[in-house]
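Chemist: One file is attached below, data-v1.cif, containing mmCIF, C-alpha atoms and all ligand atoms.
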```
data_run
loop_
_atom_site.group_PDB
_atom_site.id
_atom_site.type_symbol
_atom_site.label_atom_id
_atom_site.label_comp_id
_atom_site.auth_asym_id
_atom_site.auth_seq_id
_atom_site.Cartn_x
_atom_site.Cartn_y
_atom_site.Cartn_z
ATOM 1 C CA MET A 1 -4.428 -43.333 -64.587
ATOM 2 C CA GLY A 2 -6.431 -40.266 -65.510
ATOM 3 C CA GLU A 3 -5.785 -36.702 -64.573
ATOM 4 C CA ARG A 4 -8.933 -36.728 -62.510
ATOM 5 C CA LYS A 5 -7.685 -39.461 -60.271
ATOM 6 C CA LEU A 6 -4.448 -37.544 -59.723
ATOM 7 C CA LYS A 7 -6.404 -34.441 -58.862
ATOM 8 C CA MET A 8 -8.508 -36.402 -56.403
ATOM 9 C CA ARG A 9 -5.359 -37.696 -54.736
ATOM 10 C CA LYS A 10 -4.013 -34.185 -54.448
ATOM 11 C CA ILE A 11 -7.220 -33.000 -52.824
ATOM 12 C CA LEU A 12 -7.174 -35.956 -50.448
ATOM 13 C CA LEU A 13 -3.602 -35.201 -49.520
ATOM 14 C CA PHE A 14 -4.523 -31.591 -48.932
ATOM 15 C CA LEU A 15 -7.417 -32.569 -46.667
ATOM 16 C CA LEU A 16 -5.198 -34.983 -44.815
ATOM 17 C CA THR A 17 -2.615 -32.248 -44.250
ATOM 18 C CA LEU A 18 -5.330 -29.993 -42.914
ATOM 19 C CA ALA A 19 -6.497 -32.712 -40.558
ATOM 20 C CA VAL A 20 -2.958 -33.232 -39.290
ATOM 21 C CA LEU A 21 -2.469 -29.524 -38.822
ATOM 22 C CA ALA A 22 -5.770 -29.274 -36.966
ATOM 23 C CA SER A 23 -4.815 -32.105 -34.636
ATOM 24 C CA CYS A 24 -1.505 -30.394 -34.031
ATOM 25 C CA GLN A 25 -3.382 -27.287 -33.029
ATOM 26 C CA THR A 26 -5.089 -29.151 -30.242
ATOM 27 C CA THR A 27 -1.797 -30.576 -28.999
ATOM 28 C CA THR A 28 0.325 -27.458 -29.449
ATOM 29 C CA LYS A 29 1.043 -27.482 -25.776
ATOM 30 C CA LYS A 30 3.506 -30.274 -26.345
ATOM 31 C CA ASN A 31 4.979 -28.697 -29.474
ATOM 32 C CA LYS A 32 5.341 -25.323 -27.854
ATOM 33 C CA GLU A 33 7.469 -26.834 -25.164
ATOM 34 C CA LYS A 34 10.105 -28.216 -27.438
ATOM 35 C CA ILE A 35 12.802 -26.564 -25.392
ATOM 36 C CA VAL A 36 16.415 -27.552 -24.921
ATOM 37 C CA PHE A 37 19.048 -25.888 -22.786
ATOM 38 C CA ALA A 38 22.702 -25.210 -23.450
ATOM 39 C CA SER A 39 25.154 -23.965 -20.853
ATOM 40 C CA ILE A 40 26.969 -21.432 -23.015
ATOM 41 C CA LEU A 41 26.463 -19.697 -26.367
ATOM 42 C CA PRO A 42 28.817 -21.844 -28.487
ATOM 43 C CA LEU A 43 26.926 -24.948 -27.307
ATOM 44 C CA GLN A 44 23.653 -23.206 -28.159
ATOM 45 C CA TYR A 45 25.020 -22.588 -31.654
ATOM 46 C CA PHE A 46 25.826 -26.286 -32.156
ATOM 47 C CA THR A 47 22.427 -27.241 -30.727
ATOM 48 C CA ASP A 48 20.568 -24.907 -33.106
ATOM 49 C CA GLN A 49 22.475 -26.315 -36.065
ATOM 50 C CA ILE A 50 21.473 -29.859 -35.140
ATOM 51 C CA THR A 51 17.824 -29.216 -34.283
ATOM 52 C CA GLY A 52 17.498 -26.968 -37.328
ATOM 53 C CA ASN A 53 15.452 -24.696 -35.071
ATOM 54 C CA LEU A 54 12.923 -27.467 -34.561
ATOM 55 C CA TYR A 55 13.450 -26.702 -30.892
ATOM 56 C CA ILE A 56 13.656 -23.500 -28.929
ATOM 57 C CA SER A 57 17.095 -23.337 -27.390
ATOM 58 C CA GLU A 58 17.814 -21.467 -24.220
ATOM 59 C CA VAL A 59 21.254 -20.517 -23.028
ATOM 60 C CA MET A 60 22.162 -20.503 -19.363
ATOM 61 C CA VAL A 61 25.007 -17.991 -19.351
ATOM 62 C CA PRO A 62 24.074 -14.773 -21.192
ATOM 63 C CA PRO A 63 26.582 -12.822 -23.342
ATOM 64 C CA GLY A 64 29.275 -10.940 -21.449
ATOM 65 C CA VAL A 65 28.979 -13.007 -18.284
ATOM 66 C CA GLY A 66 31.610 -15.450 -17.023
ATOM 67 C CA PRO A 67 30.422 -19.079 -16.834
ATOM 68 C CA GLU A 68 32.477 -19.721 -13.743
ATOM 69 C CA THR A 69 30.344 -17.868 -11.238
ATOM 70 C CA TYR A 70 27.016 -17.553 -13.032
ATOM 71 C CA ASN A 71 23.799 -17.929 -11.038
ATOM 72 C CA PRO A 72 20.704 -19.137 -12.915
ATOM 73 C CA THR A 73 17.600 -16.954 -12.739
ATOM 74 C CA PRO A 74 14.231 -18.197 -11.410
ATOM 75 C CA ARG A 75 12.848 -17.818 -14.950
ATOM 76 C CA GLN A 76 15.534 -20.175 -16.259
ATOM 77 C CA MET A 77 14.759 -22.682 -13.524
ATOM 78 C CA GLY A 78 11.091 -22.538 -14.553
ATOM 79 C CA GLU A 79 11.878 -23.002 -18.254
ATOM 80 C CA MET A 80 14.029 -25.985 -17.439
ATOM 81 C CA ALA A 81 11.001 -27.834 -16.103
ATOM 82 C CA LYS A 82 9.591 -27.775 -19.670
ATOM 83 C CA ALA A 83 12.848 -28.696 -21.421
ATOM 84 C CA GLY A 84 13.772 -32.042 -22.950
ATOM 85 C CA ALA A 85 17.548 -31.905 -22.740
ATOM 86 C CA PHE A 86 20.351 -29.943 -21.153
ATOM 87 C CA PHE A 87 23.642 -29.709 -23.020
ATOM 88 C CA ALA A 88 26.415 -29.032 -20.543
ATOM 89 C CA ASN A 89 30.111 -28.445 -21.018
ATOM 90 C CA GLY A 90 30.749 -30.700 -18.056
ATOM 91 C CA PHE A 91 33.434 -28.678 -16.288
ATOM 92 C CA LEU A 92 32.295 -25.066 -15.994
ATOM 93 C CA GLY A 93 32.214 -23.454 -12.570
ATOM 94 C CA PHE A 94 28.466 -22.824 -12.510
ATOM 95 C CA GLU A 95 27.788 -26.395 -13.666
ATOM 96 C CA GLU A 96 29.803 -27.747 -10.758
ATOM 97 C CA THR A 97 27.617 -25.688 -8.453
ATOM 98 C CA TYR A 98 24.200 -26.264 -10.028
ATOM 99 C CA LEU A 99 24.073 -29.326 -12.265
ATOM 100 C CA GLU A 100 23.180 -31.772 -9.509
ATOM 101 C CA LYS A 101 20.436 -29.480 -8.329
ATOM 102 C CA PHE A 102 19.070 -29.144 -11.871
ATOM 103 C CA GLN A 103 19.033 -32.923 -12.142
ATOM 104 C CA SER A 104 17.236 -33.579 -8.892
ATOM 105 C CA ASN A 105 14.672 -30.857 -9.697
ATOM 106 C CA ASN A 106 14.086 -32.237 -13.200
ATOM 107 C CA PRO A 107 14.351 -36.025 -13.094
ATOM 108 C CA ASN A 108 13.018 -36.380 -16.667
ATOM 109 C CA LEU A 109 15.456 -33.927 -18.209
ATOM 110 C CA VAL A 110 18.208 -35.603 -20.235
ATOM 111 C CA PHE A 111 21.622 -34.239 -19.264
ATOM 112 C CA ILE A 112 24.429 -34.513 -21.795
ATOM 113 C CA ASN A 113 28.056 -33.841 -21.020
ATOM 114 C CA THR A 114 29.040 -32.549 -24.451
ATOM 115 C CA SER A 115 32.760 -32.850 -23.630
ATOM 116 C CA ALA A 116 32.483 -36.628 -23.179
ATOM 117 C CA GLY A 117 35.094 -38.226 -25.411
ATOM 118 C CA VAL A 118 37.286 -35.141 -25.735
ATOM 119 C CA GLU A 119 40.879 -35.790 -24.703
ATOM 120 C CA LEU A 120 40.874 -33.436 -21.755
ATOM 121 C CA ILE A 121 43.653 -31.059 -20.853
ATOM 122 C CA HIS A 122 44.504 -31.200 -17.179
ATOM 123 C CA ALA A 123 46.107 -28.143 -15.723
ATOM 124 C CA ALA A 124 49.278 -29.756 -14.451
ATOM 125 C CA GLY A 125 51.224 -28.224 -11.606
ATOM 126 C CA HIS A 126 48.812 -25.412 -10.906
ATOM 127 C CA ASP A 127 45.083 -25.628 -10.742
ATOM 128 C CA HIS A 128 42.959 -23.507 -12.937
ATOM 129 C CA GLY A 129 41.363 -21.694 -9.988
ATOM 130 C CA ASP A 130 37.991 -20.618 -11.264
ATOM 131 C CA HIS A 131 37.355 -24.056 -12.694
ATOM 132 C CA ASP A 132 39.394 -26.159 -10.324
ATOM 133 C CA HIS A 133 36.436 -28.087 -8.931
ATOM 134 C CA GLU A 134 36.687 -30.965 -11.375
ATOM 135 C CA LYS A 135 40.272 -31.984 -10.719
ATOM 136 C CA GLY A 136 41.837 -29.121 -12.633
ATOM 137 C CA VAL A 137 40.269 -29.894 -16.016
ATOM 138 C CA ASP A 138 40.531 -27.184 -18.640
ATOM 139 C CA PRO A 139 36.844 -26.752 -19.582
ATOM 140 C CA HIS A 140 37.304 -24.880 -22.883
ATOM 141 C CA THR A 141 36.713 -27.932 -25.080
ATOM 142 C CA TRP A 142 34.650 -25.994 -27.655
ATOM 143 C CA SER A 143 37.563 -23.761 -28.645
ATOM 144 C CA SER A 144 38.888 -26.212 -31.224
ATOM 145 C CA PRO A 145 37.470 -28.019 -34.259
ATOM 146 C CA GLU A 146 38.426 -31.366 -32.753
ATOM 147 C CA GLY A 147 36.406 -30.579 -29.636
ATOM 148 C CA ALA A 148 33.582 -29.115 -31.715
ATOM 149 C CA ARG A 149 33.160 -32.328 -33.723
ATOM 150 C CA ILE A 150 32.811 -34.391 -30.551
ATOM 151 C CA ILE A 151 30.457 -31.843 -28.977
ATOM 152 C CA ALA A 152 28.305 -31.871 -32.122
ATOM 153 C CA ARG A 153 28.044 -35.687 -32.043
ATOM 154 C CA ASN A 154 27.164 -35.646 -28.341
ATOM 155 C CA ILE A 155 24.402 -33.105 -28.937
ATOM 156 C CA TYR A 156 23.125 -35.202 -31.835
ATOM 157 C CA ASP A 157 23.019 -38.284 -29.587
ATOM 158 C CA GLY A 158 21.106 -36.295 -26.980
ATOM 159 C CA MET A 159 18.548 -35.062 -29.509
ATOM 160 C CA VAL A 160 17.989 -38.572 -30.868
ATOM 161 C CA LYS A 161 17.484 -39.777 -27.323
ATOM 162 C CA ILE A 162 14.702 -37.291 -26.600
ATOM 163 C CA ASP A 163 13.226 -37.226 -30.113
ATOM 164 C CA PRO A 164 13.973 -40.436 -32.046
ATOM 165 C CA ALA A 165 11.247 -39.644 -34.589
ATOM 166 C CA ASN A 166 13.398 -36.834 -35.964
ATOM 167 C CA GLN A 167 16.611 -38.859 -36.110
ATOM 168 C CA ALA A 168 17.004 -38.580 -39.897
ATOM 169 C CA LYS A 169 16.600 -34.821 -39.763
ATOM 170 C CA PHE A 170 19.143 -34.468 -36.965
ATOM 171 C CA GLN A 171 21.540 -36.710 -38.868
ATOM 172 C CA THR A 172 21.366 -34.526 -41.980
ATOM 173 C CA ASN A 173 21.892 -31.416 -39.860
ATOM 174 C CA LEU A 174 24.813 -33.035 -38.032
ATOM 175 C CA ASP A 175 26.449 -33.894 -41.353
ATOM 176 C CA HIS A 176 26.121 -30.275 -42.483
ATOM 177 C CA LEU A 177 27.552 -29.031 -39.221
ATOM 178 C CA LEU A 178 30.533 -31.406 -39.415
ATOM 179 C CA THR A 179 31.235 -30.230 -42.960
ATOM 180 C CA ARG A 180 31.127 -26.640 -41.708
ATOM 181 C CA ILE A 181 33.520 -27.457 -38.847
ATOM 182 C CA ASP A 182 35.910 -29.108 -41.329
ATOM 183 C CA SER A 183 35.936 -26.022 -43.526
ATOM 184 C CA VAL A 184 36.541 -23.754 -40.518
ATOM 185 C CA ASP A 185 39.411 -26.056 -39.543
ATOM 186 C CA ARG A 186 40.984 -25.841 -43.003
ATOM 187 C CA GLU A 187 40.575 -22.070 -43.055
ATOM 188 C CA VAL A 188 42.148 -21.609 -39.592
ATOM 189 C CA LYS A 189 45.055 -23.895 -40.539
ATOM 190 C CA LYS A 190 45.660 -21.850 -43.659
ATOM 191 C CA ILE A 191 45.573 -18.539 -41.775
ATOM 192 C CA LEU A 192 47.956 -19.819 -39.099
ATOM 193 C CA THR A 193 50.577 -21.177 -41.510
ATOM 194 C CA ASN A 194 52.717 -18.079 -41.524
ATOM 195 C CA ILE A 195 51.969 -16.342 -38.260
ATOM 196 C CA PRO A 196 54.791 -14.245 -36.734
ATOM 197 C CA SER A 197 54.914 -16.294 -33.534
ATOM 198 C CA ARG A 198 53.449 -19.594 -32.364
ATOM 199 C CA LYS A 199 53.334 -18.291 -28.802
ATOM 200 C CA PHE A 200 50.548 -16.065 -27.699
ATOM 201 C CA MET A 201 49.504 -14.440 -24.481
ATOM 202 C CA VAL A 202 45.945 -14.500 -23.239
ATOM 203 C CA PHE A 203 44.406 -13.107 -20.067
ATOM 204 C CA HIS A 204 42.195 -16.093 -19.208
ATOM 205 C CA PRO A 205 43.504 -19.434 -20.548
ATOM 206 C CA ALA A 206 40.519 -20.173 -22.794
ATOM 207 C CA LEU A 207 42.531 -21.371 -25.782
ATOM 208 C CA GLY A 208 44.294 -24.489 -24.508
ATOM 209 C CA TYR A 209 42.529 -26.849 -26.938
ATOM 210 C CA PHE A 210 42.978 -24.396 -29.795
ATOM 211 C CA ALA A 211 46.708 -24.188 -29.017
ATOM 212 C CA ARG A 212 47.066 -27.971 -28.803
ATOM 213 C CA GLU A 213 45.344 -28.523 -32.124
ATOM 214 C CA TYR A 214 47.327 -25.930 -34.055
ATOM 215 C CA GLY A 215 50.735 -26.372 -32.446
ATOM 216 C CA LEU A 216 50.638 -23.064 -30.570
ATOM 217 C CA GLU A 217 51.666 -22.184 -27.054
ATOM 218 C CA GLN A 218 49.349 -20.381 -24.682
ATOM 219 C CA LEU A 219 50.785 -18.161 -21.949
ATOM 220 C CA SER A 220 48.187 -16.964 -19.491
ATOM 221 C CA ILE A 221 48.145 -13.874 -17.319
ATOM 222 C CA GLU A 222 45.534 -15.190 -14.959
ATOM 223 C CA PHE A 223 47.355 -17.212 -12.379
ATOM 224 C CA GLU A 224 45.617 -20.062 -10.564
ATOM 225 C CA GLY A 225 42.357 -18.477 -11.597
ATOM 226 C CA LYS A 226 43.024 -15.431 -9.496
ATOM 227 C CA ILE A 227 43.864 -11.844 -10.262
ATOM 228 C CA PRO A 228 47.615 -11.907 -10.876
ATOM 229 C CA THR A 229 49.876 -10.700 -8.085
ATOM 230 C CA PRO A 230 52.438 -7.953 -8.874
ATOM 231 C CA ARG A 231 55.115 -10.641 -8.724
ATOM 232 C CA HIS A 232 53.293 -12.797 -11.274
ATOM 233 C CA ILE A 233 52.788 -9.764 -13.514
ATOM 234 C CA GLN A 234 56.524 -9.095 -13.306
ATOM 235 C CA ASN A 235 57.252 -12.688 -14.391
ATOM 236 C CA ILE A 236 54.798 -12.401 -17.247
ATOM 237 C CA VAL A 237 56.400 -9.158 -18.412
ATOM 238 C CA LEU A 238 59.831 -10.825 -18.446
ATOM 239 C CA GLU A 239 58.439 -13.827 -20.283
ATOM 240 C CA ALA A 240 56.643 -11.672 -22.858
ATOM 241 C CA ARG A 241 59.877 -9.774 -23.528
ATOM 242 C CA ALA A 242 61.945 -12.956 -23.742
ATOM 243 C CA GLN A 243 59.425 -14.598 -26.094
ATOM 244 C CA ASN A 244 59.025 -11.431 -28.100
ATOM 245 C CA ILE A 245 55.261 -11.480 -27.648
ATOM 246 C CA LYS A 246 53.568 -8.602 -29.388
ATOM 247 C CA TYR A 247 49.988 -8.894 -28.280
ATOM 248 C CA ILE A 248 47.814 -9.908 -25.357
ATOM 249 C CA MET A 249 44.375 -11.329 -25.956
ATOM 250 C CA ILE A 250 41.629 -10.550 -23.524
ATOM 251 C CA GLN A 251 38.002 -11.651 -23.229
ATOM 252 C CA LYS A 252 35.308 -9.099 -22.587
ATOM 253 C CA GLU A 253 34.286 -10.811 -19.337
ATOM 254 C CA PHE A 254 37.591 -9.843 -17.762
ATOM 255 C CA ASP A 255 39.019 -6.638 -16.395
ATOM 256 C CA ALA A 256 41.512 -5.230 -18.871
ATOM 257 C CA GLU A 257 43.546 -3.337 -16.271
ATOM 258 C CA ASN A 258 46.262 -5.966 -15.758
ATOM 259 C CA ALA A 259 46.456 -6.690 -19.453
ATOM 260 C CA ASP A 260 46.988 -2.966 -20.054
ATOM 261 C CA ILE A 261 49.821 -2.858 -17.502
ATOM 262 C CA ILE A 262 51.617 -5.734 -19.202
ATOM 263 C CA ALA A 263 50.963 -4.284 -22.646
ATOM 264 C CA ASN A 264 52.528 -0.977 -21.580
ATOM 265 C CA GLU A 265 55.532 -2.675 -19.978
ATOM 266 C CA THR A 266 56.235 -4.805 -23.029
ATOM 267 C CA GLY A 267 55.092 -2.524 -25.812
ATOM 268 C CA SER A 268 52.505 -5.030 -26.947
ATOM 269 C CA LYS A 269 48.926 -4.578 -28.085
ATOM 270 C CA VAL A 270 45.742 -5.682 -26.329
ATOM 271 C CA ILE A 271 43.404 -7.599 -28.618
ATOM 272 C CA GLN A 272 39.800 -8.423 -27.762
ATOM 273 C CA ILE A 273 38.608 -11.963 -28.378
ATOM 274 C CA ASP A 274 35.290 -13.628 -27.560
ATOM 275 C CA PRO A 275 35.599 -17.409 -27.169
ATOM 276 C CA LEU A 276 32.072 -17.462 -25.713
ATOM 277 C CA ALA A 277 30.488 -16.016 -28.856
ATOM 278 C CA TYR A 278 27.424 -17.730 -30.358
ATOM 279 C CA ASP A 279 28.887 -17.551 -33.859
ATOM 280 C CA TRP A 280 31.430 -20.336 -33.429
ATOM 281 C CA PRO A 281 32.739 -20.435 -37.034
ATOM 282 C CA GLY A 282 33.083 -16.647 -37.146
ATOM 283 C CA GLN A 283 34.873 -16.546 -33.810
ATOM 284 C CA MET A 284 37.361 -19.290 -34.732
ATOM 285 C CA ILE A 285 38.294 -17.558 -37.966
ATOM 286 C CA SER A 286 38.467 -14.110 -36.392
ATOM 287 C CA LEU A 287 40.734 -15.509 -33.672
ATOM 288 C CA ALA A 288 43.143 -16.914 -36.253
ATOM 289 C CA LEU A 289 43.071 -13.696 -38.265
ATOM 290 C CA LYS A 290 43.880 -11.635 -35.168
ATOM 291 C CA MET A 291 46.831 -13.893 -34.354
ATOM 292 C CA ALA A 292 48.070 -13.679 -37.911
ATOM 293 C CA ALA A 293 47.725 -9.896 -38.063
ATOM 294 C CA ALA A 294 49.455 -9.188 -34.761
ATOM 295 C CA LYS A 295 52.997 -8.036 -35.399
HETATM 296 ZN ZN ZN B 1 37.014 -20.051 -18.869
#
```
Let me see the file written as structure tokens.

Modeler:
Amino acid sequence: MGERKLKMRKILLFLLTLAVLASCQTTTKKNKEKIVFASILPLQYFTDQITGNLYISEVMVPPGVGPETYNPTPRQMGEMAKAGAFFANGFLGFEETYLEKFQSNNPNLVFINTSAGVELIHAAGHDHGDHDHEKGVDPHTWSSPEGARIIARNIYDGMVKIDPANQAKFQTNLDHLLTRIDSVDREVKKILTNIPSRKFMVFHPALGYFAREYGLEQLSIEFEGKIPTPRHIQNIVLEARAQNIKYIMIQKEFDAENADIIANETGSKVIQIDPLAYDWPGQMISLALKMAAAK
């Protein structure tokens, strides 16, 4: 085969690419509306990793807002009409309120419960107040590598369902994401090997799955999802002293006042954490580092 023939083929290929691009131009409407929704930022992170930014992802609950009582905006409701899939946690307060409505408004939207398959933690004895709608299920499934792996696979399944043509691409991206989750897991394990205490105190019990996976014990200030009563605070203070707890973790969505009271009473430190951060790997590692550093 001569060089000329090869050149001709290259030119043909080039023209063909142009033709494809041109035809895409006329159908951009469809491409433009490659939108998927995620309930919270960590789920948006997993979604972006799997789509490889082939899709525009929108998050329901913006940074700094609690997912228990969030109300979607009219703009979000409008965007949803153009979306292909909605990746839900399955147990968040606002989902309990709105998910059915979203579904009936958007019959063609594929809804994925990303927690499906996670061994759920049920708040035994006392219900978890702000998320007690779904039989007292602890919704924070994303706060552990084990949960993250399942969530990632569920999002992958959802993407393949709405866009089977890109299955191979999603598969490659899923594999990368799972490798990343594994390395975060190893790193967190390493950091937590020699921590001063395996018990920690947190304002809102967002780390139940994290605690289960790493053999830690979570004590929460929030009681039955409500602002703690003085009596409950007193009990917590006694417990913190008895357990020799040196720090209290608090999320930015919550009022630090009660955490400060307990910190003063027990001589412990208040540490800010952000389990709802977009940067899931960074947040997991920072969480472990904060636990390890707290003395
Ligand atoms: Zn929560």

Chemist: Specify the axis-aligned box that encloses all atoms of stretch 141-145 of chain A listed in the file after padding of 4 Å on each side, stating its centre and edge lengths in Å to one decimal as AutoDock Vina command-line options.

Modeler:
```
--center_x 36.8 --center_y -25.9 --center_z -29.7 --size_x 12.2 --size_y 12.3 --size_z 17.2
```

Chemist: Please determine, counting all atoms listed in the file, which residue among A:Ser39, A:Thr47, A:Gln243, A:Ser197 has the shortest atom-to-atom distance to A:Glu95.

Modeler: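 Answer, going by the shortest atom-to-atom distance: A:Ser39.
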
Chemist: When the cut-off is 8 Å and you count all atoms listed in the file, which residues lie near ligand ZN 1 (chain B), shown as a ChimeraX atom specification?

Modeler: /A:66-68,92,130-131,138-140,204-206

Chemist: Would you write out, as a PDB file with C-alpha atoms, keeping the file's coordinate frame, every residue that the PyMOL selection byres (((chain A and resi 64) around 7) and not hetatm) captures in this file?

Modeler:
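Below is the file that was written, expr.pdb:
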```pdb
ATOM      1  CA  PRO A  62      24.074 -14.773 -21.192  1.00  0.00           C
ATOM      2  CA  PRO A  63      26.582 -12.822 -23.342  1.00  0.00           C
ATOM      3  CA  VAL A  65      28.979 -13.007 -18.284  1.00  0.00           C
ATOM      4  CA  GLY A  66      31.610 -15.450 -17.023  1.00  0.00           C
ATOM      5  CA  LYS A 252      35.308  -9.099 -22.587  1.00  0.00           C
ATOM      6  CA  GLU A 253      34.286 -10.811 -19.337  1.00  0.00           C
TER       7      GLU A 253
END
```

Chemist: Quick one: distance from atom CA of A:Ile271 to atom CA of A:Ile236 in Å, one decimal?

Modeler: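 A separation of 16.8 Å between them.
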
Chemist: Taking into account only C-alpha atoms, which residue in the set A:Gln49, A:Gln234, A:Gln44, A:Asn113 is nearest to A:Val61?

Modeler: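 Looking only at the distances to A:Val61, the closest residue turns out to be A:Gln44.
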
Chemist: The PyMOL selection byres (((chain A and resi 118) around 12) and not hetatm) - which residues does that actually catch in the file I just gave you? List them as an NGL selection string.

Modeler: :A and (89-90 or 113-117 or 119-122 or 137-154 or 209)

Chemist: Restricting the calculation to all atoms listed in the file, which member of A:Pro275, A:Val270, A:Val110, A:Asn264 is positioned closest to A:Ile155?

Modeler: A:Val110

Chemist: Using the chain letters and numbering of this document, enumerate as a CSV table (one decimal) with C-alpha atoms, in the coordinates of the input the residues selected by the PyMOL selection byres (((chain A and resi 171-186) around 7) and not hetatm).

Modeler:
```
chain,number,residue,atom,x,y,z
A,49,GLN,CA,22.5,-26.3,-36.1
A,50,ILE,CA,21.5,-29.9,-35.1
A,52,GLY,CA,17.5,-27.0,-37.3
A,145,PRO,CA,37.5,-28.0,-34.3
A,149,ARG,CA,33.2,-32.3,-33.7
A,152,ALA,CA,28.3,-31.9,-32.1
A,156,TYR,CA,23.1,-35.2,-31.8
A,167,GLN,CA,16.6,-38.9,-36.1
A,168,ALA,CA,17.0,-38.6,-39.9
A,169,LYS,CA,16.6,-34.8,-39.8
A,170,PHE,CA,19.1,-34.5,-37.0
A,187,GLU,CA,40.6,-22.1,-43.1
A,188,VAL,CA,42.1,-21.6,-39.6
A,189,LYS,CA,45.1,-23.9,-40.5
A,190,LYS,CA,45.7,-21.8,-43.7
A,281,PRO,CA,32.7,-20.4,-37.0
A,285,ILE,CA,38.3,-17.6,-38.0
```

Chemist: Excluding stretch 98-105 of chain A and its own-chain neighbours fewer than 2 positions away, which residues fall within 9 Å of it when counting only C-alpha atoms? Please give them as a PyMOL selection string.

Modeler: chain A and resi 71-72+77+80-81+88+90+93-96+107-111

Chemist: Could you please take those selected residues and save C-alpha atoms as a CSV table (one decimal), keeping the file's coordinate frame?

Modeler:
```csv
chain,number,residue,atom,x,y,z
A,71,ASN,CA,23.8,-17.9,-11.0
A,72,PRO,CA,20.7,-19.1,-12.9
A,77,MET,CA,14.8,-22.7,-13.5
A,80,MET,CA,14.0,-26.0,-17.4
A,81,ALA,CA,11.0,-27.8,-16.1
A,88,ALA,CA,26.4,-29.0,-20.5
A,90,GLY,CA,30.7,-30.7,-18.1
A,93,GLY,CA,32.2,-23.5,-12.6
A,94,PHE,CA,28.5,-22.8,-12.5
A,95,GLU,CA,27.8,-26.4,-13.7
A,96,GLU,CA,29.8,-27.7,-10.8
A,107,PRO,CA,14.4,-36.0,-13.1
A,108,ASN,CA,13.0,-36.4,-16.7
A,109,LEU,CA,15.5,-33.9,-18.2
A,110,VAL,CA,18.2,-35.6,-20.2
A,111,PHE,CA,21.6,-34.2,-19.3
```

Chemist: Which protein, DNA or RNA residues are at most 10 Å from (47.9, -20.0, -24.7) in the file's coordinates when you count all atoms listed in the file, listed as number ranges by chain?

Modeler: A: 198-212, 216-221, 249

Chemist: Just how far from atom CA of A:Ile191 is atom CA of A:Arg241, in Å to one decimal?

Modeler: 24.8 Å

Chemist: Which value, in Å to one decimal, gives the distance between atom CA of A:Asn166 and atom CA of A:Ile56?

Modeler: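 Between these atoms lies a distance of 15.1 Å.
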
Chemist: Find, counting all atoms listed in the file, the residue in A:Ala293, A:Val36, A:Val59, A:Leu41 that gets nearest to A:Ile195.

Modeler: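 Nearest candidate to A:Ile195 out of A:Ala293, A:Val36, A:Val59, A:Leu41: A:Ala293.
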
Chemist: Between A:Asn194, A:Thr97, A:Met284, A:Lys82, which is the closest to A:Thr69 once you count all atoms listed in the file?

Modeler: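 Result for the nearest residue to A:Thr69: A:Thr97.
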
Chemist: Could you tell me which of A:Arg231, A:Leu287, A:Phe37, A:Lys226 comes closest to A:Gln251 if we count all atoms listed in the file?

Modeler: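 Using all atoms listed in the file, A:Gln251 sits closest to A:Leu287.
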